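This is structure37.pdb. It holds PDB, C-alpha atoms.
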ATOM      1  CA  MET A 105       5.277  -2.670  19.940
ATOM      2  CA  THR A 106       8.834  -2.108  18.673
ATOM      3  CA  ASP A 107      10.301  -1.252  15.292
ATOM      4  CA  HIS A 108      10.232  -4.125  12.821
ATOM      5  CA  PRO A 109      12.027  -4.781   9.563
ATOM      6  CA  TYR A 110      10.029  -4.430   6.376
ATOM      7  CA  TYR A 111      10.913  -5.964   3.053
ATOM      8  CA  ALA A 112      12.179  -3.465   0.478
ATOM      9  CA  PRO A 113      13.212  -4.390  -3.085
ATOM     10  CA  ALA A 114      16.884  -4.015  -3.971
ATOM     11  CA  GLY A 115      16.565  -4.254  -7.747
ATOM     12  CA  GLY A 116      19.321  -5.860  -9.761
ATOM     13  CA  LEU A 117      18.884  -8.529 -12.425
ATOM     14  CA  PRO A 118      18.694 -12.326 -12.145
ATOM     15  CA  PRO A 119      21.421 -14.403 -13.788
ATOM     16  CA  GLN A 120      20.879 -15.800 -17.272
ATOM     17  CA  THR A 121      20.773 -19.275 -15.713
ATOM     18  CA  GLN A 122      17.662 -18.556 -13.636
ATOM     19  CA  LEU A 123      14.456 -20.324 -14.621
ATOM     20  CA  THR A 124      11.759 -18.084 -16.103
ATOM     21  CA  THR A 125       8.935 -19.950 -14.347
ATOM     22  CA  ASP A 126       7.676 -17.911 -11.384
ATOM     23  CA  ARG A 127       4.553 -17.057  -9.380
ATOM     24  CA  ALA A 128       3.673 -13.870 -11.310
ATOM     25  CA  VAL A 129       0.092 -13.931 -12.556
ATOM     26  CA  PHE A 130      -2.476 -11.476 -13.909
ATOM     27  CA  THR A 131      -6.095 -12.603 -14.088
ATOM     28  CA  THR A 132      -9.439 -10.870 -14.600
ATOM     29  CA  SER A 133      -9.983 -10.750 -10.825
ATOM     30  CA  TYR A 134      -6.524 -10.450  -9.250
ATOM     31  CA  ALA A 135      -2.823 -10.063  -9.916
ATOM     32  CA  VAL A 136       0.270 -11.220  -8.018
ATOM     33  CA  LEU A 137       3.601  -9.457  -8.493
ATOM     34  CA  PRO A 138       6.238 -11.547  -6.695
ATOM     35  CA  ARG A 139       9.200  -9.663  -5.304
ATOM     36  CA  GLY A 140      11.432 -11.144  -8.014
ATOM     37  CA  THR A 141       9.589  -9.127 -10.658
ATOM     38  CA  MET A 142      10.919  -5.865  -9.202
ATOM     39  CA  THR A 143      14.188  -5.660 -11.129
ATOM     40  CA  ASP A 144      16.208  -2.798 -12.560
ATOM     41  CA  ILE A 145      14.654  -3.052 -16.019
ATOM     42  CA  VAL A 146      11.086  -2.323 -14.857
ATOM     43  CA  THR A 147      11.738   0.873 -12.884
ATOM     44  CA  SER A 148      10.304   4.267 -13.831
ATOM     45  CA  ASN A 149      11.294   7.906 -13.337
ATOM     46  CA  LEU A 150       9.187  10.954 -12.474
ATOM     47  CA  PRO A 151       9.439  14.644 -13.401
ATOM     48  CA  PHE A 152      10.976  16.872 -10.724
ATOM     49  CA  TRP A 153      12.355  13.924  -8.723
ATOM     50  CA  ASP A 154      16.142  13.594  -8.624
ATOM     51  CA  LEU A 155      18.244  10.553  -7.679
ATOM     52  CA  THR A 156      14.979   8.602  -7.639
ATOM     53  CA  ARG A 157      13.513   5.518  -9.258
ATOM     54  CA  LEU A 158      10.299   3.663  -8.602
ATOM     55  CA  TRP A 159       8.407   0.468  -9.280
ATOM     56  CA  VAL A 160       4.794   1.079 -10.340
ATOM     57  CA  ILE A 161       2.932  -1.873  -8.846
ATOM     58  CA  ALA A 162      -0.666  -0.677  -9.360
ATOM     59  CA  ARG A 163      -2.397   1.807 -11.638
ATOM     60  CA  PRO A 164      -6.020   2.324 -12.719
ATOM     61  CA  LEU A 165      -6.979  -0.081 -15.507
ATOM     62  CA  SER A 166     -10.358  -0.030 -17.216
ATOM     63  CA  GLY A 167     -12.258  -3.203 -16.343
ATOM     64  CA  PHE A 168      -9.942  -4.116 -13.466
ATOM     65  CA  ALA A 169      -8.958  -2.157 -10.345
ATOM     66  CA  GLU A 170      -9.748   1.498 -10.971
ATOM     67  CA  THR A 171      -9.380   3.626  -7.831
ATOM     68  CA  PHE A 172      -5.671   3.924  -7.025
ATOM     69  CA  SER A 173      -2.022   3.765  -7.991
ATOM     70  CA  GLN A 174       0.803   2.432  -5.858
ATOM     71  CA  TYR A 175       4.547   2.967  -6.227
ATOM     72  CA  ILE A 176       7.585   1.648  -4.391
ATOM     73  CA  VAL A 177       9.918   4.645  -4.494
ATOM     74  CA  GLN A 178      13.672   4.441  -3.907
ATOM     75  CA  VAL A 179      15.516   7.735  -3.332
ATOM     76  CA  GLN A 180      19.289   7.918  -3.082
ATOM     77  CA  PRO A 181      20.919  10.008  -0.300
ATOM     78  CA  GLY A 182      20.229  13.690  -0.845
ATOM     79  CA  GLY A 183      17.697  12.985  -3.575
ATOM     80  CA  GLY A 184      13.998  13.703  -3.605
ATOM     81  CA  SER A 185      11.648  16.392  -4.848
ATOM     82  CA  ASP A 186      10.405  19.897  -4.142
ATOM     83  CA  ARG A 187       7.545  19.367  -6.650
ATOM     84  CA  PRO A 188       6.491  15.783  -5.887
ATOM     85  CA  GLU A 189       2.826  15.751  -6.976
ATOM     86  CA  GLY A 190       1.508  17.257 -10.199
ATOM     87  CA  ASP A 191      -2.181  16.425  -9.705
ATOM     88  CA  PRO A 192      -4.019  18.852  -7.380
ATOM     89  CA  THR A 193      -6.858  16.332  -6.891
ATOM     90  CA  ALA A 194      -4.546  13.540  -5.648
ATOM     91  CA  GLU A 195      -4.418  12.471  -2.027
ATOM     92  CA  ALA A 196      -1.654  10.191  -0.825
ATOM     93  CA  VAL A 197      -0.327   7.902   1.850
ATOM     94  CA  LEU A 198       3.435   7.468   2.236
ATOM     95  CA  PHE A 199       4.752   4.478   4.204
ATOM     96  CA  VAL A 200       8.498   4.096   4.720
ATOM     97  CA  VAL A 201      10.022   0.616   4.567
ATOM     98  CA  ALA A 202      13.747   1.462   4.646
ATOM     99  CA  GLY A 203      16.170   4.335   5.183
ATOM    100  CA  ASP A 204      15.636   7.844   6.498
ATOM    101  CA  GLY A 205      14.587  11.219   5.186
ATOM    102  CA  LEU A 206      12.861  14.525   5.809
ATOM    103  CA  LEU A 207       9.257  15.211   4.815
ATOM    104  CA  THR A 208       7.978  18.789   4.946
ATOM    105  CA  VAL A 209       4.203  19.292   5.026
ATOM    106  CA  ASP A 210       2.939  22.862   4.701
ATOM    107  CA  GLY A 211       6.333  24.068   5.950
ATOM    108  CA  ALA A 212       6.615  21.727   8.957
ATOM    109  CA  GLY A 213       9.448  19.171   8.946
ATOM    110  CA  HIS A 214       9.015  15.499   9.888
ATOM    111  CA  ASP A 215      11.880  13.025  10.229
ATOM    112  CA  LEU A 216      11.137   9.738   8.484
ATOM    113  CA  ARG A 217      12.347   6.248   9.297
ATOM    114  CA  ALA A 218      11.124   2.714   8.605
ATOM    115  CA  GLY A 219       7.517   2.572   9.795
ATOM    116  CA  SER A 220       6.770   6.273   9.274
ATOM    117  CA  TYR A 221       3.303   6.946   7.838
ATOM    118  CA  ALA A 222       1.996  10.169   6.294
ATOM    119  CA  PHE A 223      -1.442  11.089   4.987
ATOM    120  CA  LEU A 224      -1.430  13.976   2.495
ATOM    121  CA  PRO A 225      -4.818  15.359   1.406
ATOM    122  CA  PRO A 226      -5.269  16.913  -2.042
ATOM    123  CA  GLY A 227      -3.665  20.308  -2.461
ATOM    124  CA  THR A 228      -1.062  19.732   0.261
ATOM    125  CA  THR A 229       2.280  21.490  -0.208
ATOM    126  CA  TRP A 230       4.988  18.943   0.573
ATOM    127  CA  THR A 231       8.589  18.085  -0.206
ATOM    128  CA  LEU A 232      10.710  15.017   0.467
ATOM    129  CA  ARG A 233      14.453  14.447   0.739
ATOM    130  CA  ALA A 234      16.382  11.283   1.575
ATOM    131  CA  GLY A 235      18.888  11.424   4.400
ATOM    132  CA  ASP A 236      22.215   9.628   4.729
ATOM    133  CA  GLU A 237      20.796   6.296   3.541
ATOM    134  CA  PRO A 238      18.648   5.375   0.540
ATOM    135  CA  LEU A 239      15.013   6.006   1.396
ATOM    136  CA  THR A 240      12.413   3.462   0.222
ATOM    137  CA  PHE A 241       8.719   4.108   0.670
ATOM    138  CA  HIS A 242       5.308   3.164  -0.670
ATOM    139  CA  TRP A 243       3.385   5.996  -2.285
ATOM    140  CA  ILE A 244      -0.327   5.259  -2.638
ATOM    141  CA  ARG A 245      -2.317   7.831  -4.626
ATOM    142  CA  LYS A 246      -6.032   8.290  -5.192
ATOM    143  CA  ALA A 247      -8.163  11.029  -6.774
ATOM    144  CA  TYR A 248     -10.006  12.403  -3.756
ATOM    145  CA  GLU A 249     -13.799  12.210  -4.063
ATOM    146  CA  GLN A 250     -15.099  15.509  -2.718
ATOM    147  CA  VAL A 251     -18.591  15.471  -1.192
ATOM    148  CA  ASP A 252     -20.594  18.677  -0.776
ATOM    149  CA  GLY A 253     -20.851  19.425   2.932
ATOM    150  CA  VAL A 254     -17.979  17.102   3.954
ATOM    151  CA  GLU A 255     -14.641  18.707   4.787
ATOM    152  CA  VAL A 256     -11.371  17.504   3.329
ATOM    153  CA  PRO A 257      -9.350  15.735   6.081
ATOM    154  CA  GLU A 258      -6.174  17.282   7.393
ATOM    155  CA  ALA A 259      -2.632  15.995   6.813
ATOM    156  CA  PHE A 260      -0.871  14.010   9.521
ATOM    157  CA  VAL A 261       2.400  12.154  10.057
ATOM    158  CA  THR A 262       2.807   9.312  12.531
ATOM    159  CA  HIS A 263       4.670   6.038  13.039
ATOM    160  CA  GLU A 264       3.227   2.548  13.099
ATOM    161  CA  THR A 265       4.584   1.959  16.606
ATOM    162  CA  ASP A 266       2.273   4.737  17.796
ATOM    163  CA  VAL A 267      -0.838   3.021  16.413
ATOM    164  CA  ALA A 268      -2.168   0.102  18.431
ATOM    165  CA  GLY A 269      -3.411  -3.019  16.716
ATOM    166  CA  VAL A 270      -7.111  -3.806  17.134
ATOM    167  CA  PRO A 271      -7.782  -7.569  17.391
ATOM    168  CA  MET A 272     -10.575  -9.034  15.325
ATOM    169  CA  PRO A 273     -13.309 -10.470  17.560
ATOM    170  CA  ASP A 274     -12.911 -14.074  18.726
ATOM    171  CA  THR A 275      -9.348 -14.433  17.371
ATOM    172  CA  ASP A 276      -7.379 -14.135  20.648
ATOM    173  CA  GLY A 277      -5.210 -11.526  18.946
ATOM    174  CA  ALA A 278      -4.109 -13.838  16.123
ATOM    175  CA  TRP A 279      -5.585 -11.390  13.576
ATOM    176  CA  GLN A 280      -5.361  -7.656  14.180
ATOM    177  CA  THR A 281      -5.356  -4.405  12.243
ATOM    178  CA  GLN A 282      -3.529  -1.137  12.847
ATOM    179  CA  ARG A 283      -5.948   1.536  11.639
ATOM    180  CA  PHE A 284      -4.297   4.882  11.003
ATOM    181  CA  ILE A 285      -7.661   6.571  10.365
ATOM    182  CA  ASP A 286     -10.923   6.274  12.303
ATOM    183  CA  PRO A 287     -13.143   4.008  10.149
ATOM    184  CA  THR A 288     -16.177   6.178  10.967
ATOM    185  CA  ASP A 289     -14.540   9.390   9.687
ATOM    186  CA  VAL A 290     -16.324   9.836   6.335
ATOM    187  CA  ARG A 291     -14.016  12.653   5.323
ATOM    188  CA  HIS A 292     -11.644   9.875   4.252
ATOM    189  CA  ASP A 293     -12.389   7.926   1.066
ATOM    190  CA  MET A 294      -9.478   5.510   1.390
ATOM    191  CA  HIS A 295      -7.797   3.598   4.189
ATOM    192  CA  VAL A 296      -4.243   2.274   4.262
ATOM    193  CA  ASN A 297      -3.746  -0.048   7.234
ATOM    194  CA  ILE A 298      -1.344  -2.718   8.459
ATOM    195  CA  VAL A 299      -2.839  -6.176   9.000
ATOM    196  CA  THR A 300      -0.991  -8.723  11.141
ATOM    197  CA  PHE A 301      -1.521 -12.468  11.577
ATOM    198  CA  GLU A 302       0.343 -14.434  14.197
ATOM    199  CA  PRO A 303       1.590 -17.897  13.101
ATOM    200  CA  GLY A 304      -1.458 -20.013  12.334
ATOM    201  CA  GLY A 305      -3.800 -17.019  12.213
ATOM    202  CA  ALA A 306      -6.335 -16.995   9.406
ATOM    203  CA  ILE A 307      -9.154 -15.231   7.629
ATOM    204  CA  PRO A 308     -11.542 -18.174   8.022
ATOM    205  CA  PHE A 309     -14.036 -17.260   5.288
ATOM    206  CA  PRO A 310     -13.866 -15.874   1.736
ATOM    207  CA  GLU A 311     -14.264 -12.110   2.095
ATOM    208  CA  THR A 312     -16.241 -10.781  -0.885
ATOM    209  CA  HIS A 313     -16.873  -7.039  -0.965
ATOM    210  CA  VAL A 314     -16.987  -3.898  -3.088
ATOM    211  CA  MET A 315     -13.619  -2.550  -1.921
ATOM    212  CA  GLU A 316     -10.556  -2.887  -4.138
ATOM    213  CA  HIS A 317      -7.335  -3.931  -2.453
ATOM    214  CA  GLY A 318      -3.630  -3.532  -2.821
ATOM    215  CA  LEU A 319      -1.693  -5.808  -0.421
ATOM    216  CA  TYR A 320       2.081  -5.511  -0.051
ATOM    217  CA  VAL A 321       3.605  -8.164   2.194
ATOM    218  CA  LEU A 322       5.864  -6.460   4.726
ATOM    219  CA  GLU A 323       6.902  -9.542   6.664
ATOM    220  CA  GLY A 324       6.466 -13.320   6.718
ATOM    221  CA  LYS A 325       4.649 -15.704   4.398
ATOM    222  CA  ALA A 326       1.157 -17.127   3.936
ATOM    223  CA  VAL A 327      -1.167 -18.997   1.644
ATOM    224  CA  TYR A 328      -3.746 -16.627   0.177
ATOM    225  CA  LEU A 329      -7.071 -17.444  -1.459
ATOM    226  CA  LEU A 330      -7.560 -15.221  -4.519
ATOM    227  CA  ASN A 331     -10.829 -15.941  -6.323
ATOM    228  CA  LYS A 332     -10.595 -19.743  -6.758
ATOM    229  CA  ASP A 333      -6.821 -20.088  -6.397
ATOM    230  CA  TRP A 334      -4.679 -20.680  -3.332
ATOM    231  CA  VAL A 335      -1.426 -18.756  -3.854
ATOM    232  CA  GLU A 336       1.683 -18.880  -1.688
ATOM    233  CA  VAL A 337       3.058 -15.394  -0.957
ATOM    234  CA  GLN A 338       6.023 -14.027   0.977
ATOM    235  CA  GLU A 339       7.448 -10.713   2.118
ATOM    236  CA  GLY A 340       8.023  -8.373  -0.815
ATOM    237  CA  ASP A 341       5.123  -9.761  -2.880
ATOM    238  CA  PHE A 342       2.244  -7.540  -3.985
ATOM    239  CA  MET A 343      -1.363  -8.618  -4.540
ATOM    240  CA  TRP A 344      -3.883  -6.535  -6.420
ATOM    241  CA  LEU A 345      -7.554  -7.486  -5.976
ATOM    242  CA  ARG A 346     -10.520  -6.353  -7.996
ATOM    243  CA  ALA A 347     -13.810  -5.548  -6.227
ATOM    244  CA  PHE A 348     -15.723  -8.669  -5.116
ATOM    245  CA  CYS A 349     -12.725 -10.987  -5.596
ATOM    246  CA  PRO A 350     -13.096 -13.687  -2.879
ATOM    247  CA  GLN A 351     -10.138 -13.640  -0.496
ATOM    248  CA  ALA A 352      -8.923 -15.442   2.612
ATOM    249  CA  CYS A 353      -5.557 -16.516   4.030
ATOM    250  CA  TYR A 354      -3.590 -18.702   6.436
ATOM    251  CA  ALA A 355      -0.373 -17.412   8.003
ATOM    252  CA  GLY A 356       2.008 -20.186   7.019
ATOM    253  CA  GLY A 357       5.455 -19.345   8.364
ATOM    254  CA  PRO A 358       7.316 -19.595  11.653
ATOM    255  CA  GLY A 359       6.872 -15.872  12.219
ATOM    256  CA  ARG A 360       4.001 -13.474  11.845
ATOM    257  CA  PHE A 361       2.544 -12.395   8.520
ATOM    258  CA  ARG A 362       2.013  -8.653   7.932
ATOM    259  CA  TYR A 363       0.874  -6.592   4.993
ATOM    260  CA  LEU A 364       0.136  -3.001   4.029
ATOM    261  CA  LEU A 365      -3.496  -2.864   2.859
ATOM    262  CA  TYR A 366      -5.201  -0.275   0.644
ATOM    263  CA  LYS A 367      -8.974  -0.069   0.256
ATOM    264  CA  ASP A 368     -11.476   2.517  -1.022
ATOM    265  CA  VAL A 369     -14.224   3.424   1.467
ATOM    266  CA  ASN A 370     -17.037   5.770   2.513
ATOM    267  CA  ARG A 371     -18.432   6.872  -0.846
ATOM    268  CA  HIS A 372     -21.514   6.151  -2.948
ATOM    269  CA  VAL A 373     -21.035   3.795  -5.870
ATOM    270  CA  GLY A 374     -20.835   5.684  -9.163
ATOM    271  CA  LEU A 375     -23.779   4.795 -11.401
ATOM    272  CA  ARG A 376     -22.287   6.034 -14.695
ATOM    273  CA  GLY A 377     -18.995   4.196 -14.608
ATOM    274  CA  TYR A 378     -16.405   4.864 -11.939
ATOM    275  CA  ALA A 379     -15.825   8.550 -12.801
ATOM    276  CA  ARG A 380     -17.750  10.833 -10.472
TER     277      ARG A 380
END
Whole structure, structure tokens version:
Amino acid sequence: MTDHPYYAPAGGLPPQTQLTTDRAVFTTSYAVLPRGTMTDIVTSNLPFWDLTRLWVIARPLSGFAETFSQYIVQVQPGGGSDRPEGDPTAEAVLFVVAGDGLLTVDGAGHDLRAGSYAFLPPGTTWTLRAGDEPLTFHWIRKAYEQVDGVEVPEAFVTHETDVAGVPMPDTDGAWQTQRFIDPTDVRHDMHVNIVTFEPGGAIPFPETHVMEHGLYVLEGKAVYLLNKDWVEVQEGDFMWLRAFCPQACYAGGPGRFRYLLYKDVNRHVGLRGYAR
């Protein structure tokens, strides 16, 4: 497997002549944020981050998706943070889609480029600085659910080209998943994977399960079933799925269809609301 381009938002503003009608939708079971919604006027800033802006594309909402937040962070050359995370209970995955930078984890430096992936458990000491080019990365955060007798997993940094795709059974490789964490490792309470469909590949049944999802399309286009609606999506779009929302897809373009997938895993269901 070789390096591949990933879609990264550039910001800006549409002209006054552009039609307002678009594919953006928020329902009780899912949301779609098309790439055109990620403009300059919806960016945010964070304390202790310099030369940095971000698009918040998911956050816990009562009655909707409740387990995670997801940012697309854009750091200008030389920018970044020496105090990136203010919540000691937060774990994170960083996935780089453009540019270069340096990530330090507990004092060890790691060069970042498009496709770099880092898992940062709660309490990790880390810093991040962009290099000579603007650095754009996804930052997925979750409050880690500690279990008595189960150790907190260690931090690691890798690259997607070092993680082999595992084909789904009986698909001849048309549907495969790059799993950065062993699915049987119950120390982890979230997975962030890359799912790839070759042209014509499909999820041939409506998946319906307890896991919430965030899906950012890295490459290609597809038609996605979300609850009762078939929605056309392309690279740069983000889908946010509530637990038990039926989902399926057909890869619909001339090239492959790939997305970054978040899901919550490996923990008992809370019986007094989500809070543990």
So which residues get picked by the PyMOL selection byres ((chain A and resi 301-312) around 12) here, written as a ChimeraX atom specification? /A:133,269-282,298-300,313-317,321-334,345-363
Report as CSV the residues of region 189-221 of chain A within 12 Å of region 155-176 of chain A, each with its shortest atom pair and distance in Å (one decimal), using only C-alpha atoms, ordered by chain and increasing residue number.
residue,atom,partner,partner_atom,distance
A:Ala194,CA,A:Phe172,CA,9.8
A:Glu195,CA,A:Phe172,CA,10.0
A:Ala196,CA,A:Gln174,CA,9.6
A:Val197,CA,A:Gln174,CA,9.5
A:Leu198,CA,A:Tyr175,CA,9.6
A:Phe199,CA,A:Ile176,CA,9.5
A:Val200,CA,A:Ile176,CA,9.5
A:Val201,CA,A:Ile176,CA,9.3
A:Ala202,CA,A:Ile176,CA,10.9
Take the point (19.0, 0.2, -0.9) in the file's coordinates, draw a sphere of radius 8 Å around it, and report as an MDAnalysis selection string every protein, DNA or RNA residue with an atom inside or on it, counting all atoms listed in the file. chainID A and resid 112:114 178 202:203 237:240
Could you pull out every residue with an atom within 12 Å of (-0.9, 24.8, -1.3), file coordinates, counting all atoms listed in the file, and send them as a list in words?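 In the file's frame, the residues around the point are Arg187, Glu189, Gly190, Asp191, Pro192, Thr193, Val209, Asp210, Gly211, Leu224, Pro225, Pro226, Gly227, Thr228, Thr229, Trp230 and Thr231 of chain A.
You can rank A:Arg127, A:Arg371, A:Arg376, A:His295 by their closest distance to Ile244 (chain A) using all atoms listed in the file, and at the top of that list sits A:His295.
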Name every residue that the PyMOL selection byres ((chain A and resi 290-293) around 6) selects in this structure, writing the answer as a ChimeraX atom specification with chains first and numbers rising. /A:256-257,288-289,294,368-370
Do you have the CA of Lys246 (chain A)-CA of Thr147 (chain A) distance handy?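 Going from CA of Lys246 (chain A) over to CA of Thr147 (chain A) covers 20.7 Å.
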Any idea what the distance is between CA of Asp186 (chain A) and CA of Asp154 (chain A)?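 Straight-line distance from CA of Asp186 (chain A) to CA of Asp154 (chain A) works out to 9.6 Å.
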Computed gap from CA of Ala128 (chain A) to CA of Phe241 (chain A) is 22.2 Å
Under the rule that all atoms listed in the file are counted, which of A:Thr143, A:Val129, A:Arg233, A:Val267 is the nearest residue to Gly115 (chain A)?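 Under the stated criterion, the closest residue is A:Thr143.
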Polymer residues at most 6 Å from Leu319 (chain A), only C-alpha atoms, same-chain spacing of 6 or more positions, as a PyMOL selection string: chain A and resi 342-343+364-365
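Closest approach to Val179 (chain A) among A:Pro151, A:Pro138, A:Gly235, A:Gly340 is made by A:Gly235 (distances from all atoms listed in the file).
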So that all listed atoms of region 165-180 of chain A fit with 8 Å spare on each side, what axis-aligned box centre and edge lengths in Å, to one decimal, would you give as AutoDock Vina command-line options?
--center_x 3.5 --center_y 1.9 --center_z -10.1 --size_x 47.5 --size_y 28.0 --size_z 30.1
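Using only C-alpha atoms, the smallest distance between any of A:Asp341, A:Asp144, A:Asp236, A:Glu258 and Asp204 (chain A) comes from A:Asp236.
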